[in-house]
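Student: Just one file: query00.pdb, with PDB, C-alpha atoms.
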ATOM      1  CA  MET A 379     -12.996  13.280 -40.432
ATOM      2  CA  ASP A 380     -14.664  12.496 -37.123
ATOM      3  CA  ASP A 381     -18.223  12.512 -38.414
ATOM      4  CA  ALA A 382     -20.842  10.560 -36.528
ATOM      5  CA  SER A 383     -21.595   8.181 -39.391
ATOM      6  CA  GLY A 384     -18.177   6.691 -38.909
ATOM      7  CA  PHE A 385     -17.708   4.834 -42.163
ATOM      8  CA  ARG A 386     -15.438   6.006 -44.992
ATOM      9  CA  ALA A 387     -14.947   3.478 -47.764
ATOM     10  CA  ALA A 388     -11.677   2.818 -49.540
ATOM     11  CA  GLN A 389     -11.998   3.923 -53.141
ATOM     12  CA  GLY A 390      -9.097   2.031 -54.695
ATOM     13  CA  GLY A 391      -5.760   3.539 -55.638
ATOM     14  CA  PHE A 392      -4.938   4.295 -52.002
ATOM     15  CA  ARG A 393      -7.665   6.929 -51.756
ATOM     16  CA  TRP A 394     -10.581   7.115 -49.319
ATOM     17  CA  GLN A 395     -14.039   8.636 -49.284
ATOM     18  CA  ASP A 396     -14.027  12.206 -47.896
ATOM     19  CA  VAL A 397     -10.238  12.224 -47.504
ATOM     20  CA  GLU A 398      -8.555  15.029 -49.403
ATOM     21  CA  LEU A 399      -5.322  14.507 -51.323
ATOM     22  CA  LEU A 400      -3.021  17.187 -49.882
ATOM     23  CA  THR A 401       0.376  18.565 -50.706
ATOM     24  CA  TYR A 402       3.040  17.070 -48.446
ATOM     25  CA  LYS A 403       4.161  20.429 -47.092
ATOM     26  CA  GLU A 404       3.940  24.045 -48.136
ATOM     27  CA  ASP A 405       6.051  24.425 -51.287
ATOM     28  CA  GLY A 406       9.496  25.785 -50.566
ATOM     29  CA  SER A 407       9.262  25.132 -46.838
ATOM     30  CA  ALA A 408      11.678  22.192 -47.071
ATOM     31  CA  PRO A 409      13.163  19.886 -49.712
ATOM     32  CA  PHE A 410      10.923  16.972 -50.786
ATOM     33  CA  LYS A 411       9.866  15.366 -54.046
ATOM     34  CA  ALA A 412       6.741  13.779 -55.547
ATOM     35  CA  ILE A 413       4.998  13.023 -52.258
ATOM     36  CA  THR A 414       1.384  13.513 -51.141
ATOM     37  CA  ARG A 415      -0.388  13.471 -47.777
ATOM     38  CA  GLN A 416      -3.825  12.242 -46.736
ATOM     39  CA  VAL A 417      -5.107  12.729 -43.188
ATOM     40  CA  LEU A 418      -7.088   9.600 -42.321
ATOM     41  CA  PHE A 419      -7.940  10.393 -38.703
ATOM     42  CA  GLN A 420      -7.636  13.666 -36.802
ATOM     43  CA  GLY A 421      -9.742  15.370 -34.189
ATOM     44  CA  PRO A 422      -9.989  16.740 -30.665
ATOM     45  CA  ALA A 423     -10.940  13.357 -29.170
ATOM     46  CA  LEU A 424      -7.695  11.734 -30.367
ATOM     47  CA  GLY A 425      -4.208  12.255 -28.945
ATOM     48  CA  CYS A 426      -2.717  11.366 -32.327
ATOM     49  CA  GLU A 427      -3.351  11.719 -36.030
ATOM     50  CA  LEU A 428      -3.087   9.000 -38.626
ATOM     51  CA  ARG A 429      -1.783  10.094 -42.023
ATOM     52  CA  TYR A 430      -0.999   8.290 -45.266
ATOM     53  CA  PHE A 431       1.977   9.545 -47.255
ATOM     54  CA  GLU A 432       2.713   8.342 -50.752
ATOM     55  CA  MET A 433       5.670   8.946 -53.026
ATOM     56  CA  GLN A 434       5.795   8.462 -56.756
ATOM     57  CA  PRO A 435       8.812   6.564 -58.157
ATOM     58  CA  GLY A 436      11.902   8.628 -57.372
ATOM     59  CA  GLY A 437      10.070  10.644 -54.723
ATOM     60  CA  HIS A 438      11.194  11.302 -51.156
ATOM     61  CA  SER A 439      10.121  12.918 -47.915
ATOM     62  CA  THR A 440      12.061  15.704 -46.200
ATOM     63  CA  LEU A 441      15.259  14.828 -44.334
ATOM     64  CA  GLU A 442      14.432  16.188 -40.883
ATOM     65  CA  ARG A 443      14.321  15.612 -37.137
ATOM     66  CA  HIS A 444      12.107  16.768 -34.259
ATOM     67  CA  GLU A 445      11.263  16.024 -30.641
ATOM     68  CA  HIS A 446       8.041  14.196 -31.534
ATOM     69  CA  VAL A 447       8.216  10.577 -32.638
ATOM     70  CA  HIS A 448       6.722   8.817 -35.646
ATOM     71  CA  ALA A 449       5.089   5.386 -35.581
ATOM     72  CA  VAL A 450       5.155   4.179 -39.178
ATOM     73  CA  MET A 451       3.746   1.182 -41.021
ATOM     74  CA  ILE A 452       4.823   0.731 -44.629
ATOM     75  CA  PHE A 453       1.553   0.427 -46.522
ATOM     76  CA  ARG A 454       2.312   0.335 -50.241
ATOM     77  CA  GLY A 455       5.195  -1.274 -52.078
ATOM     78  CA  ARG A 456       8.777  -1.069 -50.951
ATOM     79  CA  GLY A 457      11.361   1.651 -50.565
ATOM     80  CA  THR A 458      14.277   2.738 -48.416
ATOM     81  CA  CYS A 459      14.416   4.697 -45.217
ATOM     82  CA  LEU A 460      16.980   6.404 -43.072
ATOM     83  CA  VAL A 461      16.542   6.403 -39.285
ATOM     84  CA  GLY A 462      19.488   7.895 -37.415
ATOM     85  CA  GLY A 463      22.563   6.088 -38.696
ATOM     86  CA  ALA A 464      20.670   3.195 -40.299
ATOM     87  CA  VAL A 465      19.593   2.873 -43.937
ATOM     88  CA  ARG A 466      17.142   0.034 -44.488
ATOM     89  CA  GLU A 467      15.045  -1.354 -47.284
ATOM     90  CA  VAL A 468      11.482  -1.720 -46.066
ATOM     91  CA  ALA A 469       8.299  -3.188 -47.520
ATOM     92  CA  ALA A 470       4.624  -3.312 -46.577
ATOM     93  CA  PRO A 471       3.693  -3.938 -43.789
ATOM     94  CA  ASP A 472       7.034  -3.402 -41.960
ATOM     95  CA  LEU A 473       7.052  -1.180 -38.871
ATOM     96  CA  VAL A 474       9.407   1.769 -38.385
ATOM     97  CA  TYR A 475       9.756   3.817 -35.192
ATOM     98  CA  ILE A 476      11.429   7.230 -35.457
ATOM     99  CA  PRO A 477      12.738   8.228 -31.991
ATOM    100  CA  PRO A 478      12.983  11.875 -30.851
ATOM    101  CA  MET A 479      15.568  14.106 -32.557
ATOM    102  CA  THR A 480      16.566  11.414 -35.028
ATOM    103  CA  TRP A 481      17.319  12.266 -38.671
ATOM    104  CA  HIS A 482      14.940  10.411 -40.943
ATOM    105  CA  GLN A 483      13.846  10.270 -44.546
ATOM    106  CA  PHE A 484      11.775   7.933 -46.748
ATOM    107  CA  ARG A 485      12.677   7.328 -50.389
ATOM    108  CA  ALA A 486      10.798   5.504 -53.135
ATOM    109  CA  SER A 487      12.695   3.419 -55.646
ATOM    110  CA  LYS A 488      12.732   4.523 -59.272
ATOM    111  CA  SER A 489      10.308   1.772 -60.224
ATOM    112  CA  GLU A 490       7.209   1.933 -58.025
ATOM    113  CA  PRO A 491       5.131   4.122 -55.722
ATOM    114  CA  PHE A 492       5.900   3.818 -52.015
ATOM    115  CA  GLY A 493       3.431   4.632 -49.247
ATOM    116  CA  PHE A 494       3.301   4.539 -45.468
ATOM    117  CA  LEU A 495       0.907   5.169 -42.599
ATOM    118  CA  CYS A 496       2.261   7.513 -39.944
ATOM    119  CA  MET A 497       0.843   7.907 -36.448
ATOM    120  CA  VAL A 498       1.965  11.112 -34.752
ATOM    121  CA  ASN A 499       0.975  13.121 -31.684
ATOM    122  CA  ALA A 500      -1.578  15.841 -32.444
ATOM    123  CA  ALA A 501       0.531  18.371 -30.479
ATOM    124  CA  ARG A 502       4.060  18.402 -31.834
ATOM    125  CA  ASP A 503       7.120  20.554 -32.427
ATOM    126  CA  LYS A 504       8.254  21.927 -35.766
ATOM    127  CA  PRO A 505      10.679  19.767 -37.777
ATOM    128  CA  GLN A 506      14.307  20.869 -38.009
ATOM    129  CA  LEU A 507      16.299  20.697 -41.238
ATOM    130  CA  PRO A 508      19.993  19.755 -41.157
ATOM    131  CA  THR A 509      22.581  22.522 -41.261
ATOM    132  CA  GLU A 510      25.351  22.223 -43.851
ATOM    133  CA  ALA A 511      27.628  20.853 -41.123
ATOM    134  CA  GLU A 512      25.049  18.287 -39.992
ATOM    135  CA  LEU A 513      24.477  17.221 -43.589
ATOM    136  CA  ALA A 514      28.227  16.824 -44.133
ATOM    137  CA  GLN A 515      28.443  14.691 -41.017
ATOM    138  CA  LEU A 516      25.592  12.474 -42.187
ATOM    139  CA  LYS A 517      27.258  12.100 -45.587
ATOM    140  CA  SER A 518      30.504  11.008 -43.973
ATOM    141  CA  ASP A 519      28.827   7.593 -43.748
ATOM    142  CA  PRO A 520      29.011   6.130 -47.277
ATOM    143  CA  ALA A 521      25.709   4.263 -46.893
ATOM    144  CA  ILE A 522      23.931   7.457 -45.859
ATOM    145  CA  ALA A 523      25.639   9.453 -48.618
ATOM    146  CA  ALA A 524      24.447   6.916 -51.206
ATOM    147  CA  PHE A 525      20.931   6.976 -49.742
ATOM    148  CA  LEU A 526      20.747  10.788 -49.817
ATOM    149  CA  ALA A 527      22.033  10.776 -53.404
ATOM    150  CA  GLY A 528      19.164   8.450 -54.313
ATOM    151  CA  GLU A 529      21.569   5.656 -55.178
ATOM    152  CA  VAL A 530      20.147   3.171 -52.733
ATOM    153  CA  SER A 531      16.698   3.789 -54.163
ATOM    154  CA  GLU A 532      18.112   3.119 -57.601
ATOM    155  CA  ALA A 533      19.834  -0.087 -56.525
ATOM    156  CA  ASN A 534      16.500  -1.017 -54.997
ATOM    157  CA  ALA A 535      14.607  -0.422 -58.253
TER     158      ALA A 535
ATOM    159  CA  MET B 282       8.273  -1.596 -28.885
ATOM    160  CA  ASP B 283       9.958   1.788 -28.948
ATOM    161  CA  ASP B 284      13.501   0.512 -29.271
ATOM    162  CA  ALA B 285      16.130   2.788 -30.773
ATOM    163  CA  SER B 286      16.835   0.556 -33.756
ATOM    164  CA  GLY B 287      13.410   1.391 -35.060
ATOM    165  CA  PHE B 288      12.857  -1.345 -37.597
ATOM    166  CA  ARG B 289      10.570  -4.338 -37.084
ATOM    167  CA  ALA B 290      10.027  -6.446 -40.168
ATOM    168  CA  ALA B 291       6.729  -8.002 -41.177
ATOM    169  CA  GLN B 292       7.023 -11.767 -40.937
ATOM    170  CA  GLY B 293       4.078 -12.810 -43.088
ATOM    171  CA  GLY B 294       0.753 -14.046 -41.786
ATOM    172  CA  PHE B 295      -0.019 -10.681 -40.203
ATOM    173  CA  ARG B 296       2.736 -11.059 -37.631
ATOM    174  CA  TRP B 297       5.676  -8.757 -36.928
ATOM    175  CA  GLN B 298       9.158  -9.104 -35.482
ATOM    176  CA  ASP B 299       9.196  -8.579 -31.684
ATOM    177  CA  VAL B 300       5.408  -8.158 -31.534
ATOM    178  CA  GLU B 301       3.736 -10.633 -29.219
ATOM    179  CA  LEU B 302       0.460 -12.344 -30.125
ATOM    180  CA  LEU B 303      -1.791 -11.538 -27.166
ATOM    181  CA  THR B 304      -5.177 -12.624 -25.966
ATOM    182  CA  TYR B 305      -7.836 -10.062 -26.853
ATOM    183  CA  LYS B 306      -8.909  -9.514 -23.247
ATOM    184  CA  GLU B 307      -8.665 -11.345 -19.983
ATOM    185  CA  ASP B 308     -10.799 -14.474 -20.304
ATOM    186  CA  GLY B 309     -14.233 -14.064 -18.792
ATOM    187  CA  SER B 310     -13.970 -10.275 -18.576
ATOM    188  CA  ALA B 311     -16.426  -9.814 -21.455
ATOM    189  CA  PRO B 312     -17.971 -11.841 -24.288
ATOM    190  CA  PHE B 313     -15.766 -12.230 -27.389
ATOM    191  CA  LYS B 314     -14.755 -15.053 -29.733
ATOM    192  CA  ALA B 315     -11.669 -16.168 -31.655
ATOM    193  CA  ILE B 316      -9.873 -12.811 -31.655
ATOM    194  CA  THR B 317      -6.254 -11.867 -30.961
ATOM    195  CA  ARG B 318      -4.424  -8.612 -30.246
ATOM    196  CA  GLN B 319      -0.999  -7.352 -31.254
ATOM    197  CA  VAL B 320       0.330  -4.021 -29.979
ATOM    198  CA  LEU B 321       2.297  -2.483 -32.851
ATOM    199  CA  PHE B 322       3.198   0.859 -31.264
ATOM    200  CA  GLN B 323       2.951   1.947 -27.635
ATOM    201  CA  GLY B 324       5.107   4.081 -25.395
ATOM    202  CA  PRO B 325       5.408   7.200 -23.266
ATOM    203  CA  ALA B 326       6.346   9.408 -26.240
ATOM    204  CA  LEU B 327       3.064   8.642 -28.031
ATOM    205  CA  GLY B 328      -0.397   9.943 -27.153
ATOM    206  CA  CYS B 329      -1.938   6.883 -28.779
ATOM    207  CA  GLU B 330      -1.349   3.186 -29.298
ATOM    208  CA  LEU B 331      -1.676   1.292 -32.541
ATOM    209  CA  ARG B 332      -2.997  -2.250 -32.241
ATOM    210  CA  TYR B 333      -3.845  -4.986 -34.725
ATOM    211  CA  PHE B 334      -6.838  -7.177 -33.926
ATOM    212  CA  GLU B 335      -7.626 -10.293 -35.897
ATOM    213  CA  MET B 336     -10.611 -12.611 -35.788
ATOM    214  CA  GLN B 337     -10.779 -16.124 -37.101
ATOM    215  CA  PRO B 338     -13.826 -17.022 -39.237
ATOM    216  CA  GLY B 339     -16.895 -16.715 -37.027
ATOM    217  CA  GLY B 340     -15.019 -14.607 -34.466
ATOM    218  CA  HIS B 341     -16.087 -11.287 -33.005
ATOM    219  CA  SER B 342     -14.952  -8.501 -30.697
ATOM    220  CA  THR B 343     -16.856  -7.458 -27.566
ATOM    221  CA  LEU B 344     -20.031  -5.412 -27.945
ATOM    222  CA  GLU B 345     -19.146  -2.383 -25.839
ATOM    223  CA  ARG B 346     -18.990   1.399 -25.536
ATOM    224  CA  HIS B 347     -16.739   3.907 -23.788
ATOM    225  CA  GLU B 348     -15.835   7.583 -23.698
ATOM    226  CA  HIS B 349     -12.641   7.108 -25.712
ATOM    227  CA  VAL B 350     -12.878   6.860 -29.477
ATOM    228  CA  HIS B 351     -11.443   4.326 -31.909
ATOM    229  CA  ALA B 352      -9.839   5.163 -35.252
ATOM    230  CA  VAL B 353      -9.968   1.945 -37.255
ATOM    231  CA  MET B 354      -8.616   0.831 -40.611
ATOM    232  CA  ILE B 355      -9.726  -2.573 -41.873
ATOM    233  CA  PHE B 356      -6.476  -4.379 -42.637
ATOM    234  CA  ARG B 357      -7.280  -7.961 -43.563
ATOM    235  CA  GLY B 358     -10.208  -9.356 -45.522
ATOM    236  CA  ARG B 359     -13.787  -8.278 -45.009
ATOM    237  CA  GLY B 360     -16.343  -8.496 -42.257
ATOM    238  CA  THR B 361     -19.210  -6.616 -40.669
ATOM    239  CA  CYS B 362     -19.297  -3.950 -38.023
ATOM    240  CA  LEU B 363     -21.826  -2.229 -35.850
ATOM    241  CA  VAL B 364     -21.342   1.445 -34.979
ATOM    242  CA  GLY B 365     -24.244   2.933 -33.039
ATOM    243  CA  GLY B 366     -27.350   2.157 -35.074
ATOM    244  CA  ALA B 367     -25.508   1.243 -38.279
ATOM    245  CA  VAL B 368     -24.482  -2.238 -39.446
ATOM    246  CA  ARG B 369     -22.062  -2.150 -42.367
ATOM    247  CA  GLU B 370     -20.005  -4.565 -44.391
ATOM    248  CA  VAL B 371     -16.433  -3.338 -44.503
ATOM    249  CA  ALA B 372     -13.296  -4.450 -46.308
ATOM    250  CA  ALA B 373      -9.605  -3.520 -46.256
ATOM    251  CA  PRO B 374      -8.629  -0.687 -46.240
ATOM    252  CA  ASP B 375     -11.946   0.999 -45.253
ATOM    253  CA  LEU B 376     -11.905   3.492 -42.379
ATOM    254  CA  VAL B 377     -14.226   3.323 -39.371
ATOM    255  CA  TYR B 378     -14.521   5.947 -36.639
ATOM    256  CA  ILE B 379     -16.162   4.926 -33.356
ATOM    257  CA  PRO B 380     -17.422   8.075 -31.566
ATOM    258  CA  PRO B 381     -17.604   8.353 -27.763
ATOM    259  CA  MET B 382     -20.195   6.213 -25.954
ATOM    260  CA  THR B 383     -21.251   4.431 -29.124
ATOM    261  CA  TRP B 384     -22.039   0.706 -29.119
ATOM    262  CA  HIS B 385     -19.707  -1.105 -31.479
ATOM    263  CA  GLN B 386     -18.668  -4.596 -32.458
ATOM    264  CA  PHE B 387     -16.644  -6.209 -35.266
ATOM    265  CA  ARG B 388     -17.610  -9.609 -36.680
ATOM    266  CA  ALA B 389     -15.779 -11.869 -39.103
ATOM    267  CA  SER B 390     -17.714 -13.819 -41.695
ATOM    268  CA  LYS B 391     -17.792 -17.606 -41.446
ATOM    269  CA  SER B 392     -15.385 -17.941 -44.368
ATOM    270  CA  GLU B 393     -12.273 -15.860 -43.750
ATOM    271  CA  PRO B 394     -10.142 -14.138 -41.112
ATOM    272  CA  PHE B 395     -10.878 -10.456 -40.550
ATOM    273  CA  GLY B 396      -8.371  -7.976 -39.155
ATOM    274  CA  PHE B 397      -8.172  -4.279 -38.369
ATOM    275  CA  LEU B 398      -5.741  -1.665 -37.139
ATOM    276  CA  CYS B 399      -7.052   0.402 -34.226
ATOM    277  CA  MET B 400      -5.578   3.706 -33.057
ATOM    278  CA  VAL B 401      -6.654   4.619 -29.531
ATOM    279  CA  ASN B 402      -5.604   7.137 -26.878
ATOM    280  CA  ALA B 403      -3.030   5.744 -24.446
ATOM    281  CA  ALA B 404      -5.087   7.094 -21.506
ATOM    282  CA  ARG B 405      -8.635   5.794 -21.744
ATOM    283  CA  ASP B 406     -11.686   4.766 -19.746
ATOM    284  CA  LYS B 407     -12.853   1.218 -19.142
ATOM    285  CA  PRO B 408     -15.314  -0.225 -21.684
ATOM    286  CA  GLN B 409     -18.936  -0.660 -20.624
ATOM    287  CA  LEU B 410     -20.982  -3.733 -21.507
ATOM    288  CA  PRO B 411     -24.668  -3.410 -22.382
ATOM    289  CA  THR B 412     -27.229  -4.110 -19.665
ATOM    290  CA  GLU B 413     -30.036  -6.536 -20.512
ATOM    291  CA  ALA B 414     -32.294  -3.542 -21.188
ATOM    292  CA  GLU B 415     -29.727  -1.890 -23.466
ATOM    293  CA  LEU B 416     -29.200  -5.144 -25.324
ATOM    294  CA  ALA B 417     -32.955  -5.544 -25.784
ATOM    295  CA  GLN B 418     -33.170  -2.017 -27.137
ATOM    296  CA  LEU B 419     -30.347  -2.682 -29.608
ATOM    297  CA  LYS B 420     -32.073  -5.886 -30.729
ATOM    298  CA  SER B 421     -35.309  -4.037 -31.381
ATOM    299  CA  ASP B 422     -33.665  -3.039 -34.677
ATOM    300  CA  PRO B 423     -33.923  -6.139 -36.929
ATOM    301  CA  ALA B 424     -30.621  -5.378 -38.690
ATOM    302  CA  ILE B 425     -28.788  -5.124 -35.376
ATOM    303  CA  ALA B 426     -30.521  -8.253 -34.038
ATOM    304  CA  ALA B 427     -29.381 -10.189 -37.128
ATOM    305  CA  PHE B 428     -25.840  -8.812 -36.771
ATOM    306  CA  LEU B 429     -25.631  -9.784 -33.087
ATOM    307  CA  ALA B 430     -26.941 -13.254 -33.926
ATOM    308  CA  GLY B 431     -24.117 -13.624 -36.432
ATOM    309  CA  GLU B 432     -26.569 -13.775 -39.333
ATOM    310  CA  VAL B 433     -25.156 -10.826 -41.212
ATOM    311  CA  SER B 434     -21.734 -12.408 -40.999
ATOM    312  CA  GLU B 435     -23.209 -15.574 -42.426
ATOM    313  CA  ALA B 436     -24.907 -13.754 -45.306
ATOM    314  CA  ASN B 437     -21.553 -12.092 -45.877
ATOM    315  CA  ALA B 438     -19.680 -15.409 -46.040
TER     316      ALA B 438
END
Can the structure in the file be given as structure tokens, please?
Tutor:
Amino acid sequence: MDDASGFRAAQGGFRWQDVELLTYKEDGSAPFKAITRQVLFQGPALGCELRYFEMQPGGHSTLERHEHVHAVMIFRGRGTCLVGGAVREVAAPDLVYIPPMTWHQFRASKSEPFGFLCMVNAARDKPQLPTEAELAQLKSDPAIAAFLAGEVSEANA
Amino acid sequence: MDDASGFRAAQGGFRWQDVELLTYKEDGSAPFKAITRQVLFQGPALGCELRYFEMQPGGHSTLERHEHVHAVMIFRGRGTCLVGGAVREVAAPDLVYIPPMTWHQFRASKSEPFGFLCMVNAARDKPQLPTEAELAQLKSDPAIAAFLAGEVSEANA
């Protein structure tokens, strides 16, 4: 990743030379669907990592929060994301900032893949999943309830 | 930049909502040509910054080196870059890693704008410019001499 040669060519299809296509998270560790992870930059000389996440149509990341922040650039297609109380349709190359301890999730539409770059601190805390009570509170907002049910993604398709 | 709302829409033309178009460096501080800077993400919660640099046709960044590293993704068009002893043509979305204390420069062709994202540690040392002797040594490699003279960019146009 931080080899001296320095150059890693794009290979088409949102893949890169010497960059492994990884599972998003360990299976069963948290709810997610049809999403992959590629680590583009990582290493002891950098305070952050740069990752590329991609969802297939209908896919989504985990609904979670944590103390560390995310600096996101939408990189492929369009989709919907939740940040705190806001549900927004986003498209490449929009910017999304996820503040500390803010519920967030990214969802692809049913019609196209959806990908984003995510810059994150190398040292970071473990994500928290919502409790039943926290989930119920989120769903008390109709827009968030529709988003979590995948309905916004569908409307977006 | 790190506002709570979180969303900043792309506005076309490689510009973003609430992101200022900045000069590359203070004028006269170092040699460069026809290049701008936009800071996409920056703030106390992040160990790194994410910037977007763009050169007009014929433009180039400063030839420099420093202890901090750069994690670069080509984001617009194609151009040429020097990393240490290597001159390479690169195109979006290729990845380029600039190791510590490695001479580097990005050059647009004469025919199109050339832009790249650059992730860099928030805390970093000041860039060094080559001395006359260091520049002469770099130019002793014909490929590097041609690159620094803008000839590779021209061939690439």
Student: Written as JSON, numbers by chain, which residues does the PyMOL selection byres ((chain B and resi 411-425) around 8) give for the file shown?
Tutor: {"B": [344, 345, 363, 366, 367, 368, 409, 410, 426, 427, 428, 429]}
Student: Show me, as a count of residues only, every residue of chain A with an atom at most 9 Å from chain B, counting all atoms listed in the file.
Tutor: 48
Student: Run through the PyMOL selection byres ((chain B and resi 336) around 7) on the given coordinates and return the selected residues as a ChimeraX atom specification.
Tutor: /B:315-317,334-335,337-338,340-341,389,394-396
Student: Quote the spacing between CA of His444 in chain A and CA of Asp503 in chain A in Å to one decimal place.
Tutor: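 Separation of CA of His444 in chain A and CA of Asp503 in chain A: 6.5 Å.
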Student: Rounded to one decimal, what separation in Å do you get between CA of Thr440 in chain A and CA of Phe356 in chain B?
Tutor: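 Computed distance, CA of Thr440 in chain A to CA of Phe356 in chain B, equals 27.6 Å.
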Student: Please, what is the axis-aligned box for every listed atom of range 324-340 of chain B with 6 Å on each side, as centre and edge lengths in Å to one decimal, as AutoDock Vina command-line options?
Tutor:
--center_x -5.3 --center_y -3.5 --center_z -31.3 --size_x 35.2 --size_y 39.0 --size_z 28.0
Student: CA of Arg456 in chain A and CA of Arg357 in chain B are how many Å apart?
Tutor: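 Pair CA of Arg456 in chain A / CA of Arg357 in chain B returns 19.0 Å.
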